[in-house]
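Text of upload.cif (mmCIF, C-alpha atoms) as supplied:
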```cif
data_entry
#
loop_
_atom_site.label_atom_id
_atom_site.label_comp_id
_atom_site.auth_asym_id
_atom_site.auth_seq_id
_atom_site.Cartn_x
_atom_site.Cartn_y
_atom_site.Cartn_z
CA MET A 1428 0.00 0.00 0.00
CA GLU A 1429 1.36 3.41 -0.99
CA GLN A 1430 1.73 5.83 1.88
CA LYS A 1431 -0.23 9.09 1.62
CA LEU A 1432 1.66 12.30 0.98
CA LYS A 1433 1.76 14.70 3.94
CA ILE A 1434 1.62 18.37 3.04
CA ALA A 1435 2.20 21.07 5.64
CA ILE A 1436 0.27 24.32 5.34
CA SER A 1437 2.12 27.46 6.35
CA GLY A 1438 0.23 30.72 6.46
CA ALA A 1439 -0.97 33.73 8.35
CA ALA A 1440 -2.91 33.06 11.54
CA GLU A 1441 -4.11 36.69 11.39
CA THR A 1442 -5.27 37.46 7.85
CA ALA A 1443 -6.27 41.16 7.82
CA HIS A 1444 -3.27 41.95 5.58
CA CYS A 1445 -3.90 39.02 3.21
CA SER A 1446 -5.86 39.10 -0.02
CA GLU A 1447 -9.57 39.81 0.28
CA ASN A 1448 -10.49 36.22 -0.65
CA ILE A 1449 -7.87 34.50 1.52
CA ASN A 1450 -10.37 32.26 3.33
CA GLU A 1451 -11.75 30.92 0.06
CA LEU A 1452 -8.25 30.39 -1.38
CA ALA A 1453 -7.05 28.53 1.71
CA TYR A 1454 -10.24 26.44 1.80
CA GLU A 1455 -9.70 25.48 -1.85
CA VAL A 1456 -6.12 24.39 -1.16
CA GLY A 1457 -7.34 22.12 1.65
CA LYS A 1458 -10.18 20.80 -0.47
CA TYR A 1459 -7.85 19.85 -3.35
CA LEU A 1460 -5.39 18.21 -0.97
CA ALA A 1461 -8.25 16.07 0.38
CA LEU A 1462 -9.49 15.24 -3.11
CA ASN A 1463 -5.95 14.10 -3.96
CA ASN A 1464 -5.81 11.83 -0.90
CA CYS A 1465 -3.11 13.86 0.89
CA ILE A 1466 -2.82 14.34 4.64
CA LEU A 1467 -2.88 18.01 5.58
CA ILE A 1468 -0.71 19.18 8.49
CA THR A 1469 -1.15 22.61 10.08
CA GLY A 1470 0.28 24.56 12.99
CA ALA A 1471 -3.09 23.98 14.73
CA THR A 1472 -3.81 27.67 14.48
CA THR A 1473 -6.32 30.20 13.16
CA GLY A 1474 -6.47 32.09 9.85
CA ALA A 1475 -5.32 30.61 6.55
CA PRO A 1476 -4.17 27.27 8.05
CA LEU A 1477 -7.55 26.80 9.76
CA TRP A 1478 -9.41 27.52 6.51
CA ALA A 1479 -7.20 25.00 4.69
CA ALA A 1480 -7.89 22.48 7.46
CA ARG A 1481 -11.61 23.12 7.09
CA GLY A 1482 -11.40 22.61 3.32
CA ALA A 1483 -9.71 19.26 3.78
CA TYR A 1484 -11.89 18.17 6.71
CA GLU A 1485 -15.16 18.99 4.97
CA ASN A 1486 -14.01 17.07 1.88
CA ASN A 1487 -13.15 13.85 3.73
CA GLY A 1488 -9.45 14.62 4.08
CA TYR A 1489 -7.36 13.84 7.16
CA VAL A 1490 -5.97 16.79 9.13
CA ILE A 1491 -3.22 16.79 11.76
CA GLY A 1492 -2.34 19.84 13.84
CA ILE A 1493 1.07 20.50 15.42
CA SER A 1494 0.42 22.73 18.44
CA PRO A 1495 2.92 25.01 20.19
CA ALA A 1496 1.14 24.19 23.47
CA MET A 1497 1.99 21.50 26.00
CA ASP A 1498 -1.56 20.14 26.19
CA LYS A 1499 -5.14 20.76 25.08
CA LYS A 1500 -5.86 23.11 27.98
CA GLU A 1501 -2.84 25.33 27.23
CA HIS A 1502 -3.67 25.17 23.49
CA ILE A 1503 -7.14 26.59 24.12
CA GLU A 1504 -6.69 28.78 27.22
CA ILE A 1505 -3.17 30.22 26.84
CA TYR A 1506 -2.59 30.20 23.08
CA ASN A 1507 -6.29 30.76 22.26
CA LEU A 1508 -6.12 28.26 19.41
CA PRO A 1509 -8.94 26.19 17.93
CA ILE A 1510 -9.30 22.43 17.81
CA ASP A 1511 -11.93 22.49 15.05
CA TYR A 1512 -11.37 20.72 11.71
CA HIS A 1513 -8.50 18.56 12.96
CA HIS A 1514 -8.63 14.81 13.44
CA LEU A 1515 -5.51 14.79 15.59
CA ILE A 1516 -3.57 17.52 17.38
CA LEU A 1517 -0.07 16.81 18.63
CA TYR A 1518 0.91 19.01 21.58
CA THR A 1519 4.64 19.79 21.42
CA GLY A 1520 5.10 22.22 24.31
CA PHE A 1521 7.76 23.88 22.12
CA GLY A 1522 6.19 27.33 21.61
CA HIS A 1523 5.80 28.78 18.13
CA SER A 1524 9.40 28.75 16.86
CA LEU A 1525 10.19 25.12 17.59
CA ARG A 1526 6.65 24.08 16.61
CA ASN A 1527 7.43 25.63 13.20
CA LEU A 1528 10.41 23.30 12.81
CA VAL A 1529 8.33 20.24 13.72
CA LEU A 1530 5.56 21.33 11.33
CA ILE A 1531 7.87 21.75 8.36
CA ARG A 1532 9.82 18.57 9.03
CA SER A 1533 6.57 16.59 9.39
CA GLY A 1534 5.44 17.37 5.86
CA ASP A 1535 6.75 15.76 2.69
CA GLY A 1536 6.15 19.18 1.14
CA VAL A 1537 4.86 22.60 2.18
CA ILE A 1538 2.30 25.02 0.75
CA PHE A 1539 2.53 28.69 1.74
CA ILE A 1540 -0.64 30.80 1.89
CA CYS A 1541 -0.18 34.50 2.73
CA GLY A 1542 1.92 34.90 5.85
CA ARG A 1543 3.73 36.94 8.43
CA THR A 1544 7.07 36.45 10.19
CA GLY A 1545 6.18 32.93 11.40
CA THR A 1546 5.48 31.96 7.79
CA LEU A 1547 8.84 33.41 6.75
CA ASN A 1548 10.46 31.34 9.49
CA GLU A 1549 8.76 28.22 8.13
CA PHE A 1550 9.71 29.24 4.58
CA THR A 1551 13.41 29.47 5.41
CA ILE A 1552 13.30 26.11 7.22
CA ALA A 1553 11.61 24.45 4.22
CA TYR A 1554 14.04 26.13 1.83
CA GLU A 1555 17.07 25.03 3.82
CA GLU A 1556 15.68 21.47 4.03
CA LYS A 1557 15.01 21.54 0.24
CA LYS A 1558 11.41 20.48 0.78
CA PRO A 1559 9.09 20.63 -2.21
CA MET A 1560 7.38 24.00 -1.81
CA GLY A 1561 4.27 25.59 -3.29
CA ILE A 1562 3.62 29.31 -2.96
CA LEU A 1563 0.07 30.52 -3.51
CA LEU A 1564 0.56 33.70 -5.51
CA ASN A 1565 -1.64 36.72 -4.87
CA SER A 1566 -2.56 35.47 -1.39
CA GLY A 1567 -0.79 38.44 0.17
CA GLY A 1568 1.51 38.86 3.12
CA GLU A 1569 5.14 37.84 3.05
CA GLU A 1570 4.93 36.16 -0.35
CA LYS A 1571 6.51 39.33 -1.77
CA TYR A 1572 9.76 38.64 0.14
CA MET A 1573 10.11 34.96 -0.70
CA ASP A 1574 11.63 35.52 -4.13
CA ASP A 1575 14.16 37.95 -2.64
CA ILE A 1576 15.11 35.40 0.03
CA ILE A 1577 15.65 32.77 -2.66
CA ASN A 1578 17.78 35.12 -4.77
CA GLU A 1579 19.87 36.26 -1.80
CA SER A 1580 20.38 32.74 -0.42
CA HIS A 1581 22.81 31.74 -3.17
CA LYS A 1582 21.58 28.17 -2.75
CA GLU A 1583 19.89 26.21 -5.47
CA HIS A 1584 16.42 24.79 -4.86
CA LYS A 1585 14.57 23.39 -7.88
CA LYS A 1586 11.39 22.16 -6.18
CA ILE A 1587 9.39 25.39 -5.84
CA ILE A 1588 6.04 26.03 -7.51
CA TRP A 1589 4.62 29.56 -7.83
CA GLU A 1590 0.92 29.40 -8.72
CA SER A 1591 -2.19 31.51 -8.14
CA LYS A 1592 -4.80 28.79 -8.73
CA PRO A 1593 -5.22 26.44 -5.71
CA SER A 1594 -6.10 23.35 -7.78
CA LYS A 1595 -3.07 23.81 -10.06
CA LEU A 1596 -0.77 24.51 -7.10
CA VAL A 1597 -1.81 21.26 -5.41
CA GLU A 1598 -1.50 19.32 -8.68
CA GLU A 1599 2.01 20.65 -9.34
CA ILE A 1600 3.40 20.12 -5.84
CA ILE A 1601 2.09 16.54 -5.84
CA LYS A 1602 3.91 15.93 -9.16
CA ILE A 1603 7.15 17.22 -7.68
CA MET A 1604 6.73 15.15 -4.50
CA LYS A 1605 6.03 11.93 -6.42
CA ASN A 1606 9.19 12.47 -8.48
CA ASP A 1607 11.31 13.36 -5.44
#
```
Take the structure in the file and give it back as structure tokens.
Amino acid sequence: MEQKLKIAISGAAETAHCSENINELAYEVGKYLALNNCILITGATTGAPLWAARGAYENNGYVIGISPAMDKKEHIEIYNLPIDYHHLILYTGFGHSLRNLVLIRSGDGVIFICGRTGTLNEFTIAYEEKKPMGILLNSGGEEKYMDDIINESHKEHKKIIWESKPSKLVEEIIKIMKND
């Protein structure tokens, strides 16, 4: 039996600065991951990752969350994070920065949807690890800096997809991952 691909979703937990249709875009990414039989992994947070989780969950996909909290109580009461639309949440107790490392390393590939500094942190981890990466163009946020980071890194990485259509982005990153 072939093992399912695991794709981490990295994106803005607070989406006011993202594109106007960010929730729909993120939902579509999750939906297409589910329809392609992929496991979706999030940082067990709000915003774009939660909408992607919802898209997968509502389309019979499997969703795992990697929480910065030590347990469910801390996840909800201290971090104020949701548990909705996840089948399983792993509580790391690592805070946000180390949770980011676990999230990125847990995925076979990563899709970036909008973002802030945490997303840039996850982006540089994924880039350094040479993970297959998909960047949802026109989603807003830190996407505008990602190309500059790549150019200034002076390190080759040939497994990056830049795409504005969620279905095409998912299709292309799956192709790369299957050929990896």
>> From the options A:Glu1555, A:Asp1607, A:Glu1549, A:Glu1501, which residue's atoms come nearest to Ile1436 (chain A), counting all atoms listed in the file?
In response: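 Closest residue, counting all atoms listed in the file: A:Glu1549.
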>> Given all atoms listed in the file as the basis, pick out the residue of A:Val1456, A:Leu1564, A:Leu1547, A:Leu1432 nearest to Ala1475 (chain A).
In response: A:Val1456
> In Å, with one decimal, what is the gap from CA of Gly1438 (chain A) to CA of Ile1540 (chain A)?
Replying inline: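 A separation of 4.7 Å between them.
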>> So that I can check the surroundings of His1514 (chain A), please list as a list in words every protein, DNA and RNA residue that reaches within 8 Å of it, counting only C-alpha atoms and ignoring chain neighbours fewer than 3 positions away.
In response: Tyr1489, Val1490 and Ile1491 of chain A
Those same residues, written as a PDB file, in the coordinates of the input with C-alpha atoms?
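Output below, filename result-v9.pdb:
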```
ATOM      1  CA  TYR A1489      -7.360  13.840   7.160  1.00  0.00           C
ATOM      2  CA  VAL A1490      -5.970  16.790   9.130  1.00  0.00           C
ATOM      3  CA  ILE A1491      -3.220  16.790  11.760  1.00  0.00           C
TER       4      ILE A1491
END
```
> Applied to this file, what does the PyMOL selection byres ((chain A and resi 1582) around 12) return in terms of residues, put as a PyMOL selection string?
Replying inline: chain A and resi 1551+1554-1557+1576-1581+1583-1585
> From the set A:Lys1602, A:Lys1500, A:Lys1558, A:Arg1543, which residue has the shortest atom-to-atom contact distance to Glu1441 (chain A), counting all atoms listed in the file?
Replying inline: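 Closest candidate: A:Arg1543.
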>> Quick one: residues within 10 Å of region 1444-1455 of chain A, all atoms listed in the file, excluding same-chain residues fewer than 2 positions away - as an MDAnalysis selection string?
In response: chainID A and resid 1436 1438:1439 1441:1442 1457:1461 1474:1485 1539:1543 1563 1565:1570 1591:1594 1597
Please save C-alpha atoms of the selected residues as a PDB file, in the frame of the given file.
```
ATOM      1  CA  ILE A1436       0.270  24.320   5.340  1.00  0.00           C
ATOM      2  CA  GLY A1438       0.230  30.720   6.460  1.00  0.00           C
ATOM      3  CA  ALA A1439      -0.970  33.730   8.350  1.00  0.00           C
ATOM      4  CA  GLU A1441      -4.110  36.690  11.390  1.00  0.00           C
ATOM      5  CA  THR A1442      -5.270  37.460   7.850  1.00  0.00           C
ATOM      6  CA  GLY A1457      -7.340  22.120   1.650  1.00  0.00           C
ATOM      7  CA  LYS A1458     -10.180  20.800  -0.470  1.00  0.00           C
ATOM      8  CA  TYR A1459      -7.850  19.850  -3.350  1.00  0.00           C
ATOM      9  CA  LEU A1460      -5.390  18.210  -0.970  1.00  0.00           C
ATOM     10  CA  ALA A1461      -8.250  16.070   0.380  1.00  0.00           C
ATOM     11  CA  GLY A1474      -6.470  32.090   9.850  1.00  0.00           C
ATOM     12  CA  ALA A1475      -5.320  30.610   6.550  1.00  0.00           C
ATOM     13  CA  PRO A1476      -4.170  27.270   8.050  1.00  0.00           C
ATOM     14  CA  LEU A1477      -7.550  26.800   9.760  1.00  0.00           C
ATOM     15  CA  TRP A1478      -9.410  27.520   6.510  1.00  0.00           C
ATOM     16  CA  ALA A1479      -7.200  25.000   4.690  1.00  0.00           C
ATOM     17  CA  ALA A1480      -7.890  22.480   7.460  1.00  0.00           C
ATOM     18  CA  ARG A1481     -11.610  23.120   7.090  1.00  0.00           C
ATOM     19  CA  GLY A1482     -11.400  22.610   3.320  1.00  0.00           C
ATOM     20  CA  ALA A1483      -9.710  19.260   3.780  1.00  0.00           C
ATOM     21  CA  TYR A1484     -11.890  18.170   6.710  1.00  0.00           C
ATOM     22  CA  GLU A1485     -15.160  18.990   4.970  1.00  0.00           C
ATOM     23  CA  PHE A1539       2.530  28.690   1.740  1.00  0.00           C
ATOM     24  CA  ILE A1540      -0.640  30.800   1.890  1.00  0.00           C
ATOM     25  CA  CYS A1541      -0.180  34.500   2.730  1.00  0.00           C
ATOM     26  CA  GLY A1542       1.920  34.900   5.850  1.00  0.00           C
ATOM     27  CA  ARG A1543       3.730  36.940   8.430  1.00  0.00           C
ATOM     28  CA  LEU A1563       0.070  30.520  -3.510  1.00  0.00           C
ATOM     29  CA  ASN A1565      -1.640  36.720  -4.870  1.00  0.00           C
ATOM     30  CA  SER A1566      -2.560  35.470  -1.390  1.00  0.00           C
ATOM     31  CA  GLY A1567      -0.790  38.440   0.170  1.00  0.00           C
ATOM     32  CA  GLY A1568       1.510  38.860   3.120  1.00  0.00           C
ATOM     33  CA  GLU A1569       5.140  37.840   3.050  1.00  0.00           C
ATOM     34  CA  GLU A1570       4.930  36.160  -0.350  1.00  0.00           C
ATOM     35  CA  SER A1591      -2.190  31.510  -8.140  1.00  0.00           C
ATOM     36  CA  LYS A1592      -4.800  28.790  -8.730  1.00  0.00           C
ATOM     37  CA  PRO A1593      -5.220  26.440  -5.710  1.00  0.00           C
ATOM     38  CA  SER A1594      -6.100  23.350  -7.780  1.00  0.00           C
ATOM     39  CA  VAL A1597      -1.810  21.260  -5.410  1.00  0.00           C
TER      40      VAL A1597
END
```
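The interatomic distance for the pair CA of Ile1552 (chain A) and CA of Leu1462 (chain A) works out to 27.3 Å.
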> Rounded to one decimal in Å, what is the spacing between CA of Ser1524 (chain A) and CA of Ile1505 (chain A)?
Replying inline: 16.1 Å
Identify all residues satisfying the PyMOL selection byres ((chain A and resi 1507) around 12) in the given file; provide them as a compact mmCIF listing (two decimals) with C-alpha atoms, in the frame of the given file.
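Dumped to expr_26.txt:
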```txt
# COMPACT_ATOMS: atom_id res chain seq x y z
CA ALA A 1440 -2.91 33.06 11.54
CA ALA A 1471 -3.09 23.98 14.73
CA THR A 1472 -3.81 27.67 14.48
CA THR A 1473 -6.32 30.20 13.16
CA SER A 1494 0.42 22.73 18.44
CA PRO A 1495 2.92 25.01 20.19
CA ALA A 1496 1.14 24.19 23.47
CA LYS A 1499 -5.14 20.76 25.08
CA LYS A 1500 -5.86 23.11 27.98
CA GLU A 1501 -2.84 25.33 27.23
CA HIS A 1502 -3.67 25.17 23.49
CA ILE A 1503 -7.14 26.59 24.12
CA GLU A 1504 -6.69 28.78 27.22
CA ILE A 1505 -3.17 30.22 26.84
CA TYR A 1506 -2.59 30.20 23.08
CA LEU A 1508 -6.12 28.26 19.41
CA PRO A 1509 -8.94 26.19 17.93
CA ILE A 1510 -9.30 22.43 17.81
```
>> Let me make sure I understand: among A:Glu1429, A:Ser1437, A:Ile1587, A:Met1560, which one has the smallest atom-to-atom distance to Gly1545 (chain A) if we use only C-alpha atoms?
In response: A:Ser1437
>> Selection in question (the file shown): the PyMOL selection byres ((chain A and resi 1527) around 8). Which residues does it include, as a list of chain:residue names?
In response: A:Gly1470, A:His1523, A:Ser1524, A:Leu1525, A:Arg1526, A:Leu1528, A:Val1529, A:Leu1530, A:Ile1531, A:Gly1545, A:Asn1548, A:Glu1549
> Contacts of Asp1535 (chain A) at 8 Å or less, counting all atoms listed in the file, minus same-chain residues fewer than 4 places along, as a PyMOL selection string?
Replying inline: chain A and resi 1432-1435+1558-1559+1604
>> Calculated over all atoms listed in the file, which of the candidates A:Ile1603, A:Phe1550, A:Phe1521, A:Gly1492 has the smallest distance to Ser1533 (chain A)?
In response: A:Gly1492
